[in-house]
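Visitor: Sharing a structure with you now.
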Amino acid sequence: MATSEIHEKVRQRYAEAAKSVDSSCCDSDCCDTSASDAFESSDADKFGTLLYEAADLLDVPDGAALASLGCGNPTAVAELEPGETVLDLGSGAGIDVLLSAKRVGPTGFVYGIDMTDEMLDLARKHQDEAGATNVEFRRGTIEDIPIEDGAVDVVISNCVINLSADKPAVLSEMHRVLRPGGRIGISDVVADDDLSPDDRVERGSWVGCIAGALSFDEYRDGLERVGFTDVSIEATHSVADGMHSAIVKATKGR
């Protein structure tokens, strides 16, 4: 599948998920839950809001939680500190941006990057509902991040890097935008090392966060190749045979 075709399929899927969420009615029976079905191969305990602590969900608008399609909680694994500048790749409806904004506080700042206009509109609506002033959502791709060099302390992402058709570009861009000593704290789907690309396709689609996943070795090698150190990849739960949600951490040297 060509890179442009993958981009368009991913964009369409997330646009559909955004359109299915009407956060103005999520306190009633009129709320459309089809966004939680955006991944045809997923279960609620593998992708979505059940992977967040209940207390976290109380801190964000209902629509942001409903439209969460991730495979983990990167705001927890990144161990964010007050005053830090954070970048969320593929920020979607804004749940991880808004949770990060709470953690870094008024002296910190959080950028959200997404290529889907419908998701950006939804995220900005949720930002207004949450009253978050230390947040900015920008349109862009994770292969060409619209952030200047060395601008952020932490890069987070929730089940998005596996969707990219050019992962070396994404890993290089993460390294570029981080300050020396900065770090990544990512939730992503990772494949067992013995699974071939064809094996991964058999287990699920690209837009379903399965076919495009890197293996453990491929992820580690890719991060180290662009200059990251202290790389760790820890599986948290299975999402398909030989496919895992994982916490990926690494540091940019000083």
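Ordering of the structure tokens sets the chain letters (A, B, ...); residue numbers start at 1 within each chain; ligands are numbered from 1 in the order shown.
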Considering only C-alpha atoms, return as number ranges by chain whatever protein or nucleic-acid residues lie within 6 Å of stretch 91-100 of chain A, sequence-local ones (same chain, fewer than 3 positions apart) excluded.
Guide: A: 64, 75, 88, 103, 112-114, 119, 122-123
Visitor: Could the residues in this selection be saved with N, CA and C atoms as a tab-separated table (two decimals), in the first residue's frame?
Guide:
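Wrote it out as result.tsv, contents follow:
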chain	number	residue	atom	x	y	z
A	64	ALA	N	-14.01	13.88	24.88
A	64	ALA	CA	-12.59	13.56	24.71
A	64	ALA	C	-12.33	12.12	25.11
A	75	THR	N	0.26	9.54	29.27
A	75	THR	CA	0.48	10.61	30.24
A	75	THR	C	0.94	10.06	31.58
A	88	ASP	N	2.18	15.91	22.04
A	88	ASP	CA	1.41	14.69	21.82
A	88	ASP	C	1.25	14.49	20.31
A	103	ARG	N	-1.12	17.83	34.43
A	103	ARG	CA	0.08	17.37	35.11
A	103	ARG	C	1.21	18.40	35.07
A	112	GLY	N	-0.57	19.63	20.80
A	112	GLY	CA	-1.16	18.45	20.19
A	112	GLY	C	-1.07	18.58	18.68
A	113	ILE	N	-0.59	17.53	18.02
A	113	ILE	CA	-0.44	17.53	16.56
A	113	ILE	C	-1.36	16.47	15.99
A	114	ASP	N	-2.16	16.85	15.00
A	114	ASP	CA	-3.02	15.88	14.32
A	114	ASP	C	-3.21	16.32	12.88
A	119	MET	N	-10.84	15.93	13.90
A	119	MET	CA	-10.32	15.69	15.24
A	119	MET	C	-9.81	16.99	15.88
A	122	LEU	N	-12.73	18.93	17.14
A	122	LEU	CA	-13.25	18.31	18.35
A	122	LEU	C	-12.34	18.60	19.54
A	123	ALA	N	-11.01	18.51	19.31
A	123	ALA	CA	-10.05	18.75	20.39
A	123	ALA	C	-10.15	20.18	20.90
Visitor: Which one of A:Val189, A:Val231, A:Val201, A:Val86 sits closest to A:Ser215 if you count only C-alpha atoms?
Guide: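 Among the listed residues, A:Val189 lies closest to A:Ser215.
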Visitor: Hey, what does DSSP flag as alpha helix (DSSP H) within stretch 88-146 of chain A? Can you give it to me as an mmCIF file with C-alpha atoms, in the first residue's frame?
Guide:
data_model
loop_
_atom_site.group_PDB
_atom_site.id
_atom_site.type_symbol
_atom_site.label_atom_id
_atom_site.label_comp_id
_atom_site.auth_asym_id
_atom_site.auth_seq_id
_atom_site.Cartn_x
_atom_site.Cartn_y
_atom_site.Cartn_z
ATOM 1 C CA ILE A 95 -7.664 13.410 25.989
ATOM 2 C CA ASP A 96 -3.892 13.007 26.434
ATOM 3 C CA VAL A 97 -3.206 16.695 25.789
ATOM 4 C CA LEU A 98 -5.723 17.749 28.419
ATOM 5 C CA LEU A 99 -4.478 15.202 30.964
ATOM 6 C CA SER A 100 -0.902 16.335 30.296
ATOM 7 C CA ALA A 101 -1.915 19.967 30.762
ATOM 8 C CA LYS A 102 -3.190 19.101 34.244
ATOM 9 C CA ARG A 103 0.079 17.370 35.108
ATOM 10 C CA VAL A 104 2.466 20.076 33.885
ATOM 11 C CA ASP A 117 -9.373 18.519 10.682
ATOM 12 C CA GLU A 118 -12.398 16.865 12.281
ATOM 13 C CA MET A 119 -10.319 15.693 15.242
ATOM 14 C CA LEU A 120 -8.685 19.105 15.620
ATOM 15 C CA ASP A 121 -12.109 20.783 15.705
ATOM 16 C CA LEU A 122 -13.252 18.313 18.353
ATOM 17 C CA ALA A 123 -10.053 18.752 20.388
ATOM 18 C CA ARG A 124 -10.370 22.537 20.409
ATOM 19 C CA LYS A 125 -13.971 22.237 21.517
ATOM 20 C CA HIS A 126 -12.857 20.013 24.396
ATOM 21 C CA GLN A 127 -10.063 22.463 25.233
ATOM 22 C CA ASP A 128 -12.672 25.206 25.595
ATOM 23 C CA GLU A 129 -14.903 22.978 27.719
ATOM 24 C CA ALA A 130 -11.975 22.122 29.989
#
